[in-house]
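These notes concern the structure reproduced below.
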Amino acid sequence: MDSNTISRRAALRRTTAFGVGTAIFWLAAPAAHAQTGKLAKDAVKYVDKGDVPGKDCDDCMHFIAPANAREAATCRIVEGPINPHGHCLAFTPRAKPAP
Ligand code: SF4
């Protein structure tokens, strides 16, 4: 065996490992969301307190206000309870009502 053969084998192993790792990531990621059909908070970098005025969850078109004071607010696209003053990368401003 010459050094080129070993090098090709090593490259093939690395490529295969990368391909398998990538496939596992892509297969696992949607599965994590499959239960709720929503995005994980980590995936959209959700934080409980936003630092940009006017861009809190309750200013977002995806915000779902709680039905009563005992329930938590939720989001149409991000899983789990959210804080009305939270924020994430998927923030989309709510349409302003016509004057
Ligand atoms: S998309 Fe993000 S910013 Fe908008 S309500 Fe959901 S969690 Fe909050």
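Ligands are numbered from 1 in the order shown, chains are lettered A, B, ... in the order of the structure tokens, and residues start at 1 in each chain.
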
Neighbourhood of ligand 1 at 7 Å, counting only C-alpha atoms and all ligand atoms, reported as a short mmCIF file (atom, residue, chain, number, x, y, z; two decimals) with all heavy atoms, in the first residue's frame:
data_model
loop_
_atom_site.label_atom_id
_atom_site.label_comp_id
_atom_site.auth_asym_id
_atom_site.auth_seq_id
_atom_site.Cartn_x
_atom_site.Cartn_y
_atom_site.Cartn_z
N TYR A 46 -34.73 31.56 21.44
CA TYR A 46 -35.74 32.22 22.29
C TYR A 46 -35.14 32.66 23.61
O TYR A 46 -34.36 31.93 24.21
CB TYR A 46 -36.91 31.26 22.55
CG TYR A 46 -37.87 31.77 23.58
CD1 TYR A 46 -38.87 32.66 23.22
CD2 TYR A 46 -37.74 31.41 24.91
CE1 TYR A 46 -39.74 33.16 24.17
CE2 TYR A 46 -38.61 31.90 25.87
CZ TYR A 46 -39.61 32.78 25.49
OH TYR A 46 -40.46 33.28 26.44
N ASP A 56 -41.16 42.44 21.46
CA ASP A 56 -41.47 41.36 22.40
C ASP A 56 -42.44 40.39 21.75
O ASP A 56 -43.08 40.70 20.74
CB ASP A 56 -42.12 41.92 23.67
CG ASP A 56 -41.16 42.74 24.51
OD1 ASP A 56 -39.94 42.69 24.23
OD2 ASP A 56 -41.64 43.42 25.43
N CYS A 57 -42.59 39.22 22.37
CA CYS A 57 -43.51 38.22 21.85
C CYS A 57 -44.92 38.79 21.68
O CYS A 57 -45.59 38.49 20.69
CB CYS A 57 -43.54 37.00 22.77
SG CYS A 57 -42.07 35.97 22.65
N ASP A 58 -45.36 39.62 22.63
CA ASP A 58 -46.73 40.13 22.49
C ASP A 58 -46.87 41.20 21.40
O ASP A 58 -47.96 41.70 21.15
CB ASP A 58 -47.29 40.62 23.84
CG ASP A 58 -46.49 41.75 24.45
OD1 ASP A 58 -45.50 42.19 23.86
OD2 ASP A 58 -46.87 42.18 25.56
N CYS A 60 -45.65 40.26 18.39
CA CYS A 60 -45.39 39.35 17.26
C CYS A 60 -46.69 38.72 16.76
O CYS A 60 -47.59 38.42 17.54
CB CYS A 60 -44.43 38.26 17.74
SG CYS A 60 -44.05 36.98 16.53
N MET A 61 -46.76 38.50 15.46
CA MET A 61 -47.98 37.92 14.87
C MET A 61 -48.19 36.46 15.27
O MET A 61 -49.28 35.92 15.11
CB MET A 61 -47.94 38.02 13.35
CG MET A 61 -46.89 37.17 12.68
SD MET A 61 -46.90 37.28 10.88
CE MET A 61 -48.48 36.55 10.48
N HIS A 62 -47.15 35.81 15.81
CA HIS A 62 -47.27 34.40 16.21
C HIS A 62 -47.70 34.24 17.67
O HIS A 62 -47.94 33.12 18.13
CB HIS A 62 -45.94 33.68 15.99
CG HIS A 62 -45.47 33.73 14.58
ND1 HIS A 62 -46.18 33.23 13.52
CD2 HIS A 62 -44.34 34.28 14.03
CE1 HIS A 62 -45.53 33.43 12.39
NE2 HIS A 62 -44.41 34.08 12.67
N PHE A 63 -47.79 35.31 18.40
CA PHE A 63 -48.14 35.27 19.83
C PHE A 63 -49.58 34.83 20.03
O PHE A 63 -50.49 35.28 19.33
CB PHE A 63 -47.94 36.67 20.44
CG PHE A 63 -48.27 36.75 21.88
CD1 PHE A 63 -47.43 36.22 22.84
CD2 PHE A 63 -49.43 37.40 22.30
CE1 PHE A 63 -47.73 36.31 24.19
CE2 PHE A 63 -49.74 37.51 23.64
CZ PHE A 63 -48.89 36.96 24.60
N CYS A 75 -47.06 30.20 21.54
CA CYS A 75 -46.67 30.73 20.23
C CYS A 75 -47.15 29.76 19.15
O CYS A 75 -47.17 28.56 19.38
CB CYS A 75 -45.15 30.87 20.20
SG CYS A 75 -44.49 31.32 18.58
N ARG A 76 -47.52 30.28 18.01
CA ARG A 76 -47.98 29.41 16.91
C ARG A 76 -46.85 28.55 16.35
O ARG A 76 -47.11 27.49 15.81
CB ARG A 76 -48.57 30.25 15.78
CG ARG A 76 -49.91 30.82 16.12
CD ARG A 76 -50.51 31.60 14.94
NE ARG A 76 -51.83 32.07 15.30
CZ ARG A 76 -52.05 33.18 15.99
NH1 ARG A 76 -51.05 33.95 16.34
NH2 ARG A 76 -53.29 33.53 16.32
N ILE A 77 -45.60 28.99 16.44
CA ILE A 77 -44.52 28.27 15.77
C ILE A 77 -43.42 27.77 16.69
O ILE A 77 -42.58 26.99 16.26
CB ILE A 77 -43.92 29.11 14.63
CG1 ILE A 77 -43.29 30.40 15.15
CG2 ILE A 77 -44.96 29.41 13.57
CD1 ILE A 77 -42.50 31.15 14.10
N VAL A 78 -43.37 28.26 17.95
CA VAL A 78 -42.32 27.84 18.89
C VAL A 78 -42.97 27.04 20.00
O VAL A 78 -44.02 27.43 20.54
CB VAL A 78 -41.57 29.07 19.45
CG1 VAL A 78 -40.56 28.66 20.51
CG2 VAL A 78 -40.87 29.83 18.33
N ILE A 82 -44.42 30.57 26.58
CA ILE A 82 -43.49 31.69 26.33
C ILE A 82 -43.88 32.87 27.21
O ILE A 82 -45.01 32.94 27.71
CB ILE A 82 -43.49 32.12 24.85
CG1 ILE A 82 -44.87 32.61 24.42
CG2 ILE A 82 -43.00 30.98 23.95
CD1 ILE A 82 -44.88 33.34 23.10
N GLY A 86 -40.84 37.96 25.94
CA GLY A 86 -39.73 37.22 25.35
C GLY A 86 -39.46 37.68 23.93
O GLY A 86 -40.07 38.64 23.42
N HIS A 87 -38.54 36.98 23.27
CA HIS A 87 -38.18 37.33 21.90
C HIS A 87 -37.46 36.14 21.27
O HIS A 87 -36.84 35.35 21.98
CB HIS A 87 -37.26 38.55 21.88
CG HIS A 87 -36.83 38.95 20.50
ND1 HIS A 87 -37.62 39.68 19.65
CD2 HIS A 87 -35.69 38.70 19.82
CE1 HIS A 87 -36.99 39.87 18.50
NE2 HIS A 87 -35.80 39.28 18.59
N CYS A 88 -37.52 36.02 19.96
CA CYS A 88 -36.74 34.98 19.26
C CYS A 88 -36.46 35.45 17.84
O CYS A 88 -36.98 36.48 17.40
CB CYS A 88 -37.46 33.64 19.29
SG CYS A 88 -38.67 33.41 17.97
N LEU A 89 -35.65 34.67 17.14
CA LEU A 89 -35.26 35.02 15.76
C LEU A 89 -36.43 35.03 14.80
O LEU A 89 -36.37 35.67 13.76
CB LEU A 89 -34.21 34.02 15.25
CG LEU A 89 -32.86 34.03 15.93
CD1 LEU A 89 -31.98 32.92 15.37
CD2 LEU A 89 -32.19 35.38 15.77
N ALA A 90 -37.52 34.35 15.15
CA ALA A 90 -38.67 34.27 14.25
C ALA A 90 -39.66 35.41 14.47
O ALA A 90 -40.76 35.39 13.90
CB ALA A 90 -39.36 32.93 14.43
N PHE A 91 -39.25 36.39 15.27
CA PHE A 91 -40.16 37.52 15.52
C PHE A 91 -40.65 38.10 14.20
O PHE A 91 -39.88 38.38 13.29
CB PHE A 91 -39.44 38.62 16.33
CG PHE A 91 -40.27 39.86 16.47
CD1 PHE A 91 -41.23 39.94 17.46
CD2 PHE A 91 -40.12 40.92 15.59
CE1 PHE A 91 -42.03 41.07 17.59
CE2 PHE A 91 -40.91 42.06 15.71
CZ PHE A 91 -41.86 42.13 16.72
N THR A 92 -41.96 38.28 14.14
CA THR A 92 -42.60 38.90 12.96
C THR A 92 -43.60 39.91 13.48
O THR A 92 -44.53 39.54 14.19
CB THR A 92 -43.34 37.84 12.11
OG1 THR A 92 -42.43 36.77 11.81
CG2 THR A 92 -43.86 38.44 10.83
#

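You can rank A:Asp59, A:Asn83, A:Pro53, A:Lys45 by their closest distance to Ala95 in chain A using only C-alpha atoms, and at the top of that list sits A:Asp59.
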
key: Surrounding residues of Ala72 in chain A excluding itself and chain neighbours under 4 positions, 12 Å, only C-alpha atoms, as an MDAnalysis selection string   = chainID A and resid 63:68 80:84

query = Which distance in Å separates CA of Lys41 in chain A and CA of Gly54 in chain A, to one decimal?
reply = 20.1 Å
